[in-house]
>>> print(open('entry.pdb').read())   # PDB, C-alpha atoms
ATOM      1  CA  MET A 249    -279.989  98.536 183.791
ATOM      2  CA  ARG A 250    -282.758  99.142 181.263
ATOM      3  CA  ALA A 251    -283.014  96.658 178.421
ATOM      4  CA  VAL A 252    -285.482  95.624 175.724
ATOM      5  CA  LEU A 253    -286.710  92.076 176.330
ATOM      6  CA  LEU A 254    -288.351  89.613 173.980
ATOM      7  CA  ASP A 255    -290.292  87.199 176.208
ATOM      8  CA  GLU A 256    -291.596  85.024 173.371
ATOM      9  CA  PHE A 257    -291.180  84.859 169.607
ATOM     10  CA  ASP A 258    -293.561  87.143 167.730
ATOM     11  CA  GLY A 259    -294.505  88.773 171.016
ATOM     12  CA  PRO A 260    -294.159  92.403 172.121
ATOM     13  CA  LEU A 261    -290.838  94.005 172.963
ATOM     14  CA  THR A 262    -290.862  95.340 176.522
ATOM     15  CA  VAL A 263    -288.470  97.604 178.417
ATOM     16  CA  ALA A 264    -287.466  96.091 181.753
ATOM     17  CA  GLU A 265    -284.867  96.424 184.488
ATOM     18  CA  ILE A 266    -282.362  93.561 184.459
ATOM     19  CA  PRO A 267    -279.011  93.085 186.234
ATOM     20  CA  THR A 268    -276.023  94.878 184.749
ATOM     21  CA  PRO A 269    -273.605  92.226 183.462
ATOM     22  CA  VAL A 270    -270.112  91.783 184.897
ATOM     23  CA  PRO A 271    -267.271  91.290 182.397
ATOM     24  CA  GLY A 272    -265.559  87.919 182.667
ATOM     25  CA  PRO A 273    -262.135  86.861 181.403
ATOM     26  CA  GLY A 274    -261.509  88.288 177.942
ATOM     27  CA  GLU A 275    -264.576  90.539 178.108
ATOM     28  CA  VAL A 276    -265.183  94.278 178.394
ATOM     29  CA  LEU A 277    -268.231  96.042 179.786
ATOM     30  CA  VAL A 278    -269.540  98.513 177.229
ATOM     31  CA  ARG A 279    -271.915 101.368 177.935
ATOM     32  CA  VAL A 280    -274.025 101.165 174.806
ATOM     33  CA  ALA A 281    -274.509 104.347 172.797
ATOM     34  CA  ALA A 282    -276.370 102.925 169.806
ATOM     35  CA  SER A 283    -277.637  99.691 168.288
ATOM     36  CA  GLY A 284    -278.027  99.146 164.552
ATOM     37  CA  VAL A 285    -281.188  97.414 163.325
ATOM     38  CA  ASN A 286    -280.864  94.747 160.642
ATOM     39  CA  PRO A 287    -283.563  92.775 158.812
ATOM     40  CA  LEU A 288    -282.250  89.725 160.661
ATOM     41  CA  ASP A 289    -283.156  91.367 163.994
ATOM     42  CA  THR A 290    -286.789  91.513 162.942
ATOM     43  CA  LYS A 291    -286.716  87.884 161.756
ATOM     44  CA  ILE A 292    -285.249  86.764 165.077
ATOM     45  CA  ARG A 293    -287.982  88.618 166.942
ATOM     46  CA  ALA A 294    -290.643  86.935 164.804
ATOM     47  CA  GLY A 295    -289.158  83.466 165.326
ATOM     48  CA  ARG A 296    -288.216  83.125 161.643
ATOM     49  CA  ALA A 297    -284.440  82.783 162.095
ATOM     50  CA  ALA A 298    -283.686  79.365 163.545
ATOM     51  CA  HIS A 299    -280.079  79.676 162.365
ATOM     52  CA  ALA A 300    -279.540  82.509 164.895
ATOM     53  CA  ARG A 301    -280.257  80.058 167.745
ATOM     54  CA  SER A 302    -281.890  82.703 169.924
ATOM     55  CA  ARG A 303    -284.048  81.558 172.829
ATOM     56  CA  PRO A 304    -286.481  83.892 174.622
ATOM     57  CA  PRO A 305    -286.410  85.543 177.014
ATOM     58  CA  ALA A 306    -283.651  87.446 175.266
ATOM     59  CA  VAL A 307    -282.176  90.890 174.718
ATOM     60  CA  LEU A 308    -281.953  91.425 170.954
ATOM     61  CA  GLY A 309    -279.646  93.679 168.910
ATOM     62  CA  MET A 310    -276.528  92.496 167.079
ATOM     63  CA  ASP A 311    -274.708  95.720 166.123
ATOM     64  CA  LEU A 312    -273.219  97.801 168.936
ATOM     65  CA  ALA A 313    -271.241 100.970 169.434
ATOM     66  CA  GLY A 314    -270.390 102.485 172.781
ATOM     67  CA  VAL A 315    -267.742 103.283 175.382
ATOM     68  CA  VAL A 316    -265.776 100.823 177.511
ATOM     69  CA  VAL A 317    -266.384 101.321 181.225
ATOM     70  CA  GLU A 318    -264.633  98.240 182.638
ATOM     71  CA  VAL A 319    -262.329  95.506 181.401
ATOM     72  CA  GLY A 320    -262.231  91.926 182.613
ATOM     73  CA  PRO A 321    -259.141  89.798 183.255
ATOM     74  CA  GLU A 322    -256.848  89.087 180.295
ATOM     75  CA  VAL A 323    -257.981  92.133 178.274
ATOM     76  CA  THR A 324    -255.128  94.341 177.072
ATOM     77  CA  ALA A 325    -256.394  95.826 173.789
ATOM     78  CA  PHE A 326    -259.013  98.116 175.349
ATOM     79  CA  GLY A 327    -259.367 100.329 178.387
ATOM     80  CA  PRO A 328    -262.018 102.447 180.078
ATOM     81  CA  GLY A 329    -263.059 105.378 177.904
ATOM     82  CA  ASP A 330    -262.319 103.674 174.573
ATOM     83  CA  ARG A 331    -264.949 104.059 171.868
ATOM     84  CA  VAL A 332    -265.649 100.614 170.427
ATOM     85  CA  TYR A 333    -267.954  98.908 167.942
ATOM     86  CA  GLY A 334    -268.732  95.370 166.913
ATOM     87  CA  LEU A 335    -271.116  92.580 166.000
ATOM     88  CA  THR A 336    -271.462  91.354 169.539
ATOM     89  CA  GLY A 337    -274.721  89.648 170.520
ATOM     90  CA  GLY A 338    -278.426  89.104 170.038
ATOM     91  CA  VAL A 339    -277.904  85.522 168.817
ATOM     92  CA  GLY A 340    -277.350  82.241 170.615
ATOM     93  CA  ASP A 341    -276.920  82.927 174.313
ATOM     94  CA  LEU A 342    -275.180  86.279 173.808
ATOM     95  CA  GLN A 343    -276.929  89.329 175.243
ATOM     96  CA  GLY A 344    -277.818  91.855 172.565
ATOM     97  CA  SER A 345    -277.129  95.562 172.316
ATOM     98  CA  LEU A 346    -280.637  96.860 173.084
ATOM     99  CA  ALA A 347    -279.570  97.516 176.668
ATOM    100  CA  GLU A 348    -277.698 100.189 178.563
ATOM    101  CA  TYR A 349    -274.688  97.897 179.091
ATOM    102  CA  ALA A 350    -273.295  94.761 177.470
ATOM    103  CA  ALA A 351    -270.446  92.455 178.499
ATOM    104  CA  VAL A 352    -268.697  91.687 175.218
ATOM    105  CA  ASP A 353    -265.940  89.337 174.078
ATOM    106  CA  ALA A 354    -263.119  91.781 173.347
ATOM    107  CA  ARG A 355    -262.106  89.780 170.266
ATOM    108  CA  LEU A 356    -265.291  90.924 168.522
ATOM    109  CA  LEU A 357    -264.523  94.626 168.989
ATOM    110  CA  ALA A 358    -262.480  97.350 167.336
ATOM    111  CA  HIS A 359    -261.905 101.003 168.126
ATOM    112  CA  VAL A 360    -264.400 103.328 166.453
ATOM    113  CA  PRO A 361    -262.629 105.248 163.663
ATOM    114  CA  GLY A 362    -262.265 108.949 164.294
ATOM    115  CA  ALA A 363    -264.222 109.811 161.161
ATOM    116  CA  LEU A 364    -267.423 108.224 162.483
ATOM    117  CA  SER A 365    -269.868 109.067 165.234
ATOM    118  CA  LEU A 366    -270.997 106.261 167.509
ATOM    119  CA  ARG A 367    -274.373 106.223 165.710
ATOM    120  CA  GLU A 368    -272.612 105.753 162.381
ATOM    121  CA  ALA A 369    -270.357 103.068 163.815
ATOM    122  CA  ALA A 370    -273.369 101.141 165.141
ATOM    123  CA  ALA A 371    -274.710 100.907 161.589
ATOM    124  CA  LEU A 372    -271.676  99.065 160.235
ATOM    125  CA  PRO A 373    -270.645  95.808 161.947
ATOM    126  CA  LEU A 374    -272.968  93.147 160.475
ATOM    127  CA  ALA A 375    -273.047  94.805 157.044
ATOM    128  CA  ALA A 376    -269.321  95.480 156.844
ATOM    129  CA  ILE A 377    -268.215  92.096 158.198
ATOM    130  CA  THR A 378    -270.564  90.238 155.842
ATOM    131  CA  SER A 379    -269.307  92.246 152.869
ATOM    132  CA  TRP A 380    -265.669  91.740 153.825
ATOM    133  CA  GLU A 381    -266.069  87.991 154.238
ATOM    134  CA  ALA A 382    -267.825  87.824 150.863
ATOM    135  CA  LEU A 383    -265.722  90.158 148.750
ATOM    136  CA  VAL A 384    -262.299  89.903 150.369
ATOM    137  CA  ASP A 385    -262.118  86.529 152.125
ATOM    138  CA  ARG A 386    -264.077  84.522 149.537
ATOM    139  CA  ALA A 387    -264.034  86.382 146.192
ATOM    140  CA  ARG A 388    -260.737  88.279 146.675
ATOM    141  CA  VAL A 389    -261.985  91.261 144.709
ATOM    142  CA  GLY A 390    -259.248  93.390 143.174
ATOM    143  CA  ALA A 391    -258.480  96.178 140.738
ATOM    144  CA  GLY A 392    -259.858  95.930 137.234
ATOM    145  CA  GLN A 393    -262.658  93.519 138.044
ATOM    146  CA  ARG A 394    -266.326  94.105 137.311
ATOM    147  CA  VAL A 395    -268.376  93.446 140.452
ATOM    148  CA  LEU A 396    -272.161  93.170 140.614
ATOM    149  CA  VAL A 397    -273.825  93.718 144.003
ATOM    150  CA  HIS A 398    -277.436  92.615 144.251
ATOM    151  CA  GLY A 399    -279.417  94.830 146.623
ATOM    152  CA  GLY A 400    -276.914  97.668 146.478
ATOM    153  CA  ALA A 401    -278.994 100.115 148.526
ATOM    154  CA  GLY A 402    -279.476  97.766 151.498
ATOM    155  CA  GLY A 403    -277.232  97.821 154.536
ATOM    156  CA  VAL A 404    -274.981  94.960 153.397
ATOM    157  CA  GLY A 405    -275.195  96.098 149.782
ATOM    158  CA  GLN A 406    -274.056  99.638 150.586
ATOM    159  CA  ALA A 407    -271.041  98.334 152.475
ATOM    160  CA  GLY A 408    -270.304  95.911 149.640
ATOM    161  CA  VAL A 409    -270.409  98.596 146.962
ATOM    162  CA  GLN A 410    -268.022 100.844 148.888
ATOM    163  CA  LEU A 411    -265.671  98.004 149.810
ATOM    164  CA  ALA A 412    -265.432  96.745 146.229
ATOM    165  CA  ARG A 413    -264.748 100.274 144.979
ATOM    166  CA  ALA A 414    -262.073 100.756 147.652
ATOM    167  CA  ARG A 415    -260.353  97.648 146.296
ATOM    168  CA  GLY A 416    -260.265  99.086 142.796
ATOM    169  CA  ALA A 417    -263.192  97.287 141.175
ATOM    170  CA  GLU A 418    -265.730  98.755 138.779
ATOM    171  CA  VAL A 419    -269.020  98.266 140.608
ATOM    172  CA  PHE A 420    -272.584  97.764 139.411
ATOM    173  CA  ALA A 421    -275.561  97.288 141.722
ATOM    174  CA  THR A 422    -279.173  96.264 141.354
ATOM    175  CA  GLY A 423    -282.095  97.900 143.091
ATOM    176  CA  SER A 424    -285.633  99.126 142.619
ATOM    177  CA  ALA A 425    -286.381 102.481 141.021
ATOM    178  CA  ARG A 426    -286.532 104.265 144.405
ATOM    179  CA  SER A 427    -283.034 103.093 145.347
ATOM    180  CA  LEU A 428    -281.151 103.857 142.147
ATOM    181  CA  GLU A 429    -280.067 107.340 143.213
ATOM    182  CA  THR A 430    -278.630 105.966 146.471
ATOM    183  CA  ILE A 431    -276.663 103.399 144.474
ATOM    184  CA  ARG A 432    -275.398 106.113 142.131
ATOM    185  CA  ARG A 433    -274.263 108.273 145.080
ATOM    186  CA  LEU A 434    -272.286 105.352 146.437
ATOM    187  CA  GLY A 435    -270.311 105.280 143.187
ATOM    188  CA  ALA A 436    -271.844 102.233 141.493
ATOM    189  CA  THR A 437    -273.662 101.979 138.177
ATOM    190  CA  PRO A 438    -277.316 101.401 139.102
ATOM    191  CA  ILE A 439    -279.413  98.663 137.465
ATOM    192  CA  ASP A 440    -283.199  98.596 137.871
ATOM    193  CA  TYR A 441    -283.842  94.883 138.300
ATOM    194  CA  THR A 442    -287.610  95.412 137.982
ATOM    195  CA  SER A 443    -287.356  96.577 134.376
ATOM    196  CA  THR A 444    -284.076  95.107 133.106
ATOM    197  CA  PRO A 445    -283.731  91.327 132.615
ATOM    198  CA  VAL A 446    -280.457  89.792 133.726
ATOM    199  CA  GLU A 447    -279.451  88.838 130.184
ATOM    200  CA  ARG A 448    -279.852  92.446 129.051
ATOM    201  CA  TYR A 449    -277.716  94.044 131.752
ATOM    202  CA  VAL A 450    -275.046  91.374 131.326
ATOM    203  CA  ASP A 451    -274.921  92.313 127.619
ATOM    204  CA  GLU A 452    -274.984  96.061 128.286
ATOM    205  CA  HIS A 453    -272.335  96.185 131.002
ATOM    206  CA  THR A 454    -270.024  93.254 130.210
ATOM    207  CA  ASP A 455    -270.489  92.708 126.465
ATOM    208  CA  GLY A 456    -272.148  89.419 127.347
ATOM    209  CA  GLU A 457    -269.081  88.049 129.167
ATOM    210  CA  GLY A 458    -270.524  88.235 132.673
ATOM    211  CA  PHE A 459    -269.324  89.882 135.891
ATOM    212  CA  ASP A 460    -266.099  88.762 137.530
ATOM    213  CA  VAL A 461    -267.781  88.687 140.945
ATOM    214  CA  VAL A 462    -271.476  88.665 141.825
ATOM    215  CA  PHE A 463    -272.352  89.403 145.464
ATOM    216  CA  ASP A 464    -275.904  88.337 146.347
ATOM    217  CA  THR A 465    -277.395  90.033 149.423
ATOM    218  CA  VAL A 466    -281.008  89.193 148.523
ATOM    219  CA  GLY A 467    -281.282  85.417 148.100
ATOM    220  CA  GLY A 468    -284.068  83.415 146.475
ATOM    221  CA  ALA A 469    -284.543  84.039 142.766
ATOM    222  CA  THR A 470    -281.798  86.671 142.867
ATOM    223  CA  LEU A 471    -279.226  83.977 143.634
ATOM    224  CA  ASP A 472    -280.449  82.020 140.612
ATOM    225  CA  GLN A 473    -279.987  85.144 138.487
ATOM    226  CA  SER A 474    -276.477  85.500 139.897
ATOM    227  CA  PHE A 475    -275.555  82.146 138.382
ATOM    228  CA  VAL A 476    -276.568  83.533 134.970
ATOM    229  CA  ALA A 477    -274.769  86.862 135.415
ATOM    230  CA  VAL A 478    -271.318  85.574 136.383
ATOM    231  CA  ARG A 479    -268.348  85.438 134.030
ATOM    232  CA  THR A 480    -267.531  82.173 132.255
ATOM    233  CA  TYR A 481    -264.653  80.113 133.748
ATOM    234  CA  THR A 482    -263.170  82.708 136.110
ATOM    235  CA  GLY A 483    -266.318  84.216 137.645
ATOM    236  CA  HIS A 484    -267.321  83.774 141.285
ATOM    237  CA  VAL A 485    -270.730  84.097 142.966
ATOM    238  CA  VAL A 486    -270.875  84.661 146.723
ATOM    239  CA  SER A 487    -274.097  84.906 148.723
ATOM    240  CA  ALA A 488    -275.036  85.904 152.240
ATOM    241  CA  LEU A 489    -278.464  84.270 151.786
ATOM    242  CA  GLY A 490    -277.629  81.026 150.030
ATOM    243  CA  TRP A 491    -280.201  78.708 151.575
ATOM    244  CA  GLY A 492    -283.178  77.289 149.730
ATOM    245  CA  THR A 493    -283.326  75.046 146.681
ATOM    246  CA  HIS A 494    -281.377  76.181 143.637
ATOM    247  CA  SER A 495    -280.267  74.642 140.372
ATOM    248  CA  LEU A 496    -276.503  74.801 139.938
ATOM    249  CA  ALA A 497    -276.752  74.010 136.228
ATOM    250  CA  PRO A 498    -276.388  77.640 134.995
ATOM    251  CA  LEU A 499    -273.311  78.062 137.189
ATOM    252  CA  SER A 500    -271.835  74.724 136.143
ATOM    253  CA  PHE A 501    -272.374  75.391 132.453
ATOM    254  CA  ARG A 502    -270.413  78.626 132.857
ATOM    255  CA  GLY A 503    -267.587  76.832 134.667
ATOM    256  CA  ALA A 504    -267.852  79.414 137.474
ATOM    257  CA  THR A 505    -267.616  78.971 141.257
ATOM    258  CA  TYR A 506    -269.769  79.692 144.301
ATOM    259  CA  SER A 507    -269.285  80.212 148.026
ATOM    260  CA  GLY A 508    -271.484  81.219 150.937
ATOM    261  CA  VAL A 509    -271.056  83.464 153.956
ATOM    262  CA  PHE A 510    -272.477  82.761 157.437
ATOM    263  CA  THR A 511    -271.484  85.835 159.408
ATOM    264  CA  LEU A 512    -272.935  84.649 162.731
ATOM    265  CA  MET A 513    -270.719  81.569 162.973
ATOM    266  CA  PRO A 514    -267.935  83.051 165.179
ATOM    267  CA  MET A 515    -270.511  84.346 167.670
ATOM    268  CA  LEU A 516    -272.390  81.038 167.758
ATOM    269  CA  THR A 517    -269.343  78.760 167.930
ATOM    270  CA  GLY A 518    -266.681  80.942 169.575
ATOM    271  CA  VAL A 519    -264.284  80.058 166.758
ATOM    272  CA  GLY A 520    -262.807  82.826 164.602
ATOM    273  CA  ARG A 521    -263.928  85.783 166.690
ATOM    274  CA  GLU A 522    -260.535  87.453 166.307
ATOM    275  CA  HIS A 523    -261.164  87.817 162.588
ATOM    276  CA  HIS A 524    -264.279  89.910 163.194
ATOM    277  CA  GLY A 525    -262.219  92.358 165.202
ATOM    278  CA  GLU A 526    -259.541  92.375 162.498
ATOM    279  CA  ILE A 527    -262.131  93.137 159.802
ATOM    280  CA  LEU A 528    -263.554  96.035 161.768
ATOM    281  CA  ARG A 529    -260.086  97.515 162.200
ATOM    282  CA  GLU A 530    -259.640  97.395 158.411
ATOM    283  CA  VAL A 531    -263.099  98.905 157.953
ATOM    284  CA  GLY A 532    -262.153 101.670 160.363
ATOM    285  CA  ASP A 533    -259.127 102.517 158.223
ATOM    286  CA  LEU A 534    -261.381 102.734 155.151
ATOM    287  CA  ALA A 535    -263.753 105.037 157.030
ATOM    288  CA  ASP A 536    -260.904 107.292 158.129
ATOM    289  CA  SER A 537    -259.647 107.509 154.537
ATOM    290  CA  GLY A 538    -263.122 108.503 153.300
ATOM    291  CA  GLN A 539    -263.714 105.306 151.339
ATOM    292  CA  LEU A 540    -266.546 103.824 153.427
ATOM    293  CA  ARG A 541    -269.363 105.492 155.322
ATOM    294  CA  PRO A 542    -272.827 104.233 156.273
ATOM    295  CA  VAL A 543    -275.960 105.961 155.014
ATOM    296  CA  LEU A 544    -278.275 106.493 157.998
ATOM    297  CA  ASP A 545    -282.026 106.990 157.985
ATOM    298  CA  SER A 546    -282.812 110.381 159.535
ATOM    299  CA  ARG A 547    -285.431 109.020 161.950
ATOM    300  CA  ARG A 548    -284.445 108.648 165.607
ATOM    301  CA  PHE A 549    -285.523 105.798 167.893
ATOM    302  CA  THR A 550    -284.882 104.914 171.548
ATOM    303  CA  LEU A 551    -285.215 101.808 173.710
ATOM    304  CA  ASP A 552    -288.844 102.797 174.252
ATOM    305  CA  THR A 553    -289.575 102.881 170.499
ATOM    306  CA  VAL A 554    -287.611  99.855 169.282
ATOM    307  CA  ALA A 555    -290.819  98.264 167.996
ATOM    308  CA  ASP A 556    -291.319 101.270 165.716
ATOM    309  CA  ALA A 557    -287.758 100.899 164.419
ATOM    310  CA  HIS A 558    -288.373  97.227 163.644
ATOM    311  CA  ALA A 559    -291.607  98.119 161.829
ATOM    312  CA  VAL A 560    -289.783 100.543 159.521
ATOM    313  CA  VAL A 561    -287.231  97.856 158.638
ATOM    314  CA  GLU A 562    -289.899  95.191 158.091
ATOM    315  CA  GLN A 563    -291.864  97.494 155.797
ATOM    316  CA  GLY A 564    -288.794  98.304 153.725
ATOM    317  CA  ALA A 565    -289.479 101.977 154.348
ATOM    318  CA  ALA A 566    -286.009 103.015 155.495
ATOM    319  CA  THR A 567    -283.915 105.361 153.363
ATOM    320  CA  GLY A 568    -280.718 104.284 155.102
ATOM    321  CA  LYS A 569    -279.661 102.194 158.089
ATOM    322  CA  ILE A 570    -281.986 102.405 161.095
ATOM    323  CA  VAL A 571    -280.144 103.013 164.363
ATOM    324  CA  VAL A 572    -281.584 102.970 167.886
ATOM    325  CA  ASP A 573    -280.154 105.581 170.277
ATOM    326  CA  VAL A 574    -279.497 103.874 173.614
ATOM    327  CA  ASP A 575    -277.476 106.704 175.183
ATOM    328  CA  HIS A 576    -277.139 109.661 172.838
ATOM    329  CA  THR A 577    -275.085 111.640 175.373
ATOM    330  CA  LEU A 578    -272.062 109.471 174.561
ATOM    331  CA  ASP A 579    -271.950 111.009 171.073
ATOM    332  CA  ALA A 580    -271.922 114.569 172.399
TER     333      ALA A 580
END
>>> encode(input="entry.pdb", output="structure tokens")
Amino acid sequence: MRAVLLDEFDGPLTVAEIPTPVPGPGEVLVRVAASGVNPLDTKIRAGRAAHARSRPPAVLGMDLAGVVVEVGPEVTAFGPGDRVYGLTGGVGDLQGSLAEYAAVDARLLAHVPGALSLREAAALPLAAITSWEALVDRARVGAGQRVLVHGGAGGVGQAGVQLARARGAEVFATGSARSLETIRRLGATPIDYTSTPVERYVDEHTDGEGFDVVFDTVGGATLDQSFVAVRTYTGHVVSALGWGTHSLAPLSFRGATYSGVFTLMPMLTGVGREHHGEILREVGDLADSGQLRPVLDSRRFTLDTVADAHAVVEQGAATGKIVVDVDHTLDA
């Protein structure tokens, strides 16, 4: 099969012929239709993501959507012809989705909702699972709460905004001037972080009380600002990028709480993979009810132009999620 190989960190991506994998116990063989591109994919390629534990030579690509062509022993939830999607590889020793076929742990998969194309489904897994773990599993967002999503126009941020709204929260989201309209279309109140200090938007939108939940998808100084923006006593900050050195004093003085999300853990450890499949089934229900849909960049890329897709993501030039078409005929 054709696949995109990374032979060394920060080296070129090359298309090569490699053996088609054979599904083992608990696995399904998926003919890949599309692979979503995340900022983390570009960091892995550059060798700047030690936590992903990737070792060249490797096939990259974490998000996958495609069609099952074969099931291994012990698989009962899927059969040949099923449309599936998931966060399935590209880290550790797991083959990624930038290949014509992938043998995937069935626990990581869910059926693609009828409302979505395979390209749309490929844009969702990492973003939707991260948002669910943050907002549902950790923060338990519910009706009547005020939720602030930092980086609301990014892939994870978009999923977070829609998920919080689906759970009945009033949602606000930060972004640069060019992303405010996207945030508004998603149903959140946009906040231009480049021109509005955190103290001002906390006053304007919460009467100085702070947000019930702050979801940080940016990290760095933005996480520090999250500690200032959260509600006193009952507020909760959750971050998908919580590494680095941070002072907890602002959070402590507000009596608020914090938790982190490490979405890759089930893939790297093998523990908790069933939950990823469960989340994607819930996400599929939200998509079918019209409450969650990815925003895709209009540009099209193939296995031969993956490097161009990565460049767009690295430059921050995308106007939606970048998706690589591996086999577009499956979406016909």
>>> residues_around(input="entry.pdb", residues="A:Ser487", least_positions_apart="3", cutoff="9 Å", atoms="only C-alpha atoms", output="ChimeraX atom specification")
/A:382,462-467,471,490,506-509
>>> resolve_selection(input="entry.pdb", expression="the PyMOL selection byres ((chain A and resi 458) around 7)", output="PyMOL selection string")
chain A and resi 450+454+456-457+459-460+477-480
>>> write_last_selection(input="entry.pdb", atoms="C-alpha atoms", output="compact mmCIF listing (two decimals), keeping the file's coordinate frame")
# COMPACT_ATOMS: atom_id res chain seq x y z
CA VAL A 450 -275.05 91.37 131.33
CA THR A 454 -270.02 93.25 130.21
CA GLY A 456 -272.15 89.42 127.35
CA GLU A 457 -269.08 88.05 129.17
CA PHE A 459 -269.32 89.88 135.89
CA ASP A 460 -266.10 88.76 137.53
CA ALA A 477 -274.77 86.86 135.42
CA VAL A 478 -271.32 85.57 136.38
CA ARG A 479 -268.35 85.44 134.03
CA THR A 480 -267.53 82.17 132.26
>>> closest_residue(input="entry.pdb", among="A:Pro514, A:Gly400, A:Gly274, A:Gly405", to="A:Thr437", atoms="all atoms listed in the file")
A:Gly400
>>> residues_around(input="entry.pdb", residues="A:Gly435", least_positions_apart="5", cutoff="9 Å", atoms="all atoms listed in the file", output="JSON, numbers by chain")
{"A": [409, 410, 413, 419, 420, 430]}
>>> resolve_selection(input="entry.pdb", expression="the PyMOL selection byres ((chain A and resi 265) around 10)", output="VMD selection string")
chain A and resid 249 to 253 263 to 264 266 to 268 347
>>> write_last_selection(input="entry.pdb", atoms="C-alpha atoms", output="compact mmCIF listing (two decimals), in the frame of the given file")
# COMPACT_ATOMS: atom_id res chain seq x y z
CA MET A 249 -279.99 98.54 183.79
CA ARG A 250 -282.76 99.14 181.26
CA ALA A 251 -283.01 96.66 178.42
CA VAL A 252 -285.48 95.62 175.72
CA LEU A 253 -286.71 92.08 176.33
CA VAL A 263 -288.47 97.60 178.42
CA ALA A 264 -287.47 96.09 181.75
CA ILE A 266 -282.36 93.56 184.46
CA PRO A 267 -279.01 93.08 186.23
CA THR A 268 -276.02 94.88 184.75
CA ALA A 347 -279.57 97.52 176.67
>>> residues_around(input="entry.pdb", residues="A:Ser283", least_positions_apart="4", cutoff="6 Å", atoms="all atoms listed in the file", output="tab-separated table (two decimals) with C-alpha atoms, keeping the file's coordinate frame")
chain	number	residue	atom	x	y	z
A	311	ASP	CA	-274.71	95.72	166.12
A	312	LEU	CA	-273.22	97.80	168.94
A	345	SER	CA	-277.13	95.56	172.32
A	370	ALA	CA	-273.37	101.14	165.14
A	571	VAL	CA	-280.14	103.01	164.36
A	572	VAL	CA	-281.58	102.97	167.89
>>> residues_around(input="entry.pdb", residues="A:Asp258", least_positions_apart="4", cutoff="7 Å", atoms="all atoms listed in the file", output="list in words")
Arg293, Ala294 and Gly295 of chain A
>>> write_last_selection(input="entry.pdb", atoms="C-alpha atoms", output="CSV table (one decimal), in the frame of the given file")
chain,number,residue,atom,x,y,z
A,293,ARG,CA,-288.0,88.6,166.9
A,294,ALA,CA,-290.6,86.9,164.8
A,295,GLY,CA,-289.2,83.5,165.3
>>> atom_distance(input="entry.pdb", atom1="atom CA of A:Arg331", atom2="atom CA of A:Val315")
4.6 Å
>>> resolve_selection(input="entry.pdb", expression="the PyMOL selection byres ((chain A and resi 532) around 12)", output="short mmCIF file (atom, residue, chain, number, x, y, z; two decimals) with C-alpha atoms, in the coordinates of the input")
data_model
loop_
_atom_site.label_atom_id
_atom_site.label_comp_id
_atom_site.auth_asym_id
_atom_site.auth_seq_id
_atom_site.Cartn_x
_atom_site.Cartn_y
_atom_site.Cartn_z
CA VAL A 332 -265.65 100.61 170.43
CA TYR A 333 -267.95 98.91 167.94
CA GLY A 334 -268.73 95.37 166.91
CA LEU A 357 -264.52 94.63 168.99
CA ALA A 358 -262.48 97.35 167.34
CA HIS A 359 -261.90 101.00 168.13
CA VAL A 360 -264.40 103.33 166.45
CA PRO A 361 -262.63 105.25 163.66
CA GLY A 362 -262.26 108.95 164.29
CA ALA A 363 -264.22 109.81 161.16
CA LEU A 364 -267.42 108.22 162.48
CA SER A 365 -269.87 109.07 165.23
CA GLU A 368 -272.61 105.75 162.38
CA ALA A 369 -270.36 103.07 163.82
CA LEU A 372 -271.68 99.06 160.24
CA PRO A 373 -270.64 95.81 161.95
CA ALA A 376 -269.32 95.48 156.84
CA ILE A 377 -268.21 92.10 158.20
CA LEU A 411 -265.67 98.00 149.81
CA GLY A 525 -262.22 92.36 165.20
CA GLU A 526 -259.54 92.38 162.50
CA ILE A 527 -262.13 93.14 159.80
CA LEU A 528 -263.55 96.04 161.77
CA ARG A 529 -260.09 97.52 162.20
CA GLU A 530 -259.64 97.40 158.41
CA VAL A 531 -263.10 98.90 157.95
CA ASP A 533 -259.13 102.52 158.22
CA LEU A 534 -261.38 102.73 155.15
CA ALA A 535 -263.75 105.04 157.03
CA ASP A 536 -260.90 107.29 158.13
CA SER A 537 -259.65 107.51 154.54
CA GLY A 538 -263.12 108.50 153.30
CA GLN A 539 -263.71 105.31 151.34
CA LEU A 540 -266.55 103.82 153.43
CA ARG A 541 -269.36 105.49 155.32
CA PRO A 542 -272.83 104.23 156.27
#
>>> residues_around(input="entry.pdb", residues="A:Thr324", least_positions_apart="2", cutoff="12 Å", atoms="only C-alpha atoms", output="PDB file with C-alpha atoms, keeping the file's coordinate frame")
ATOM      1  CA  PRO A 273    -262.135  86.861 181.403  1.00  0.00           C
ATOM      2  CA  GLY A 274    -261.509  88.288 177.942  1.00  0.00           C
ATOM      3  CA  GLU A 275    -264.576  90.539 178.108  1.00  0.00           C
ATOM      4  CA  VAL A 276    -265.183  94.278 178.394  1.00  0.00           C
ATOM      5  CA  GLU A 318    -264.633  98.240 182.638  1.00  0.00           C
ATOM      6  CA  VAL A 319    -262.329  95.506 181.401  1.00  0.00           C
ATOM      7  CA  GLY A 320    -262.231  91.926 182.613  1.00  0.00           C
ATOM      8  CA  PRO A 321    -259.141  89.798 183.255  1.00  0.00           C
ATOM      9  CA  GLU A 322    -256.848  89.087 180.295  1.00  0.00           C
ATOM     10  CA  PHE A 326    -259.013  98.116 175.349  1.00  0.00           C
ATOM     11  CA  GLY A 327    -259.367 100.329 178.387  1.00  0.00           C
ATOM     12  CA  PRO A 328    -262.018 102.447 180.078  1.00  0.00           C
ATOM     13  CA  ALA A 354    -263.119  91.781 173.347  1.00  0.00           C
ATOM     14  CA  ARG A 355    -262.106  89.780 170.266  1.00  0.00           C
TER      15      ARG A 355
END
>>> closest_residue(input="entry.pdb", among="A:Asp575, A:Glu418, A:Glu447, A:Glu452", to="A:Tyr349", atoms="all atoms listed in the file")
A:Asp575
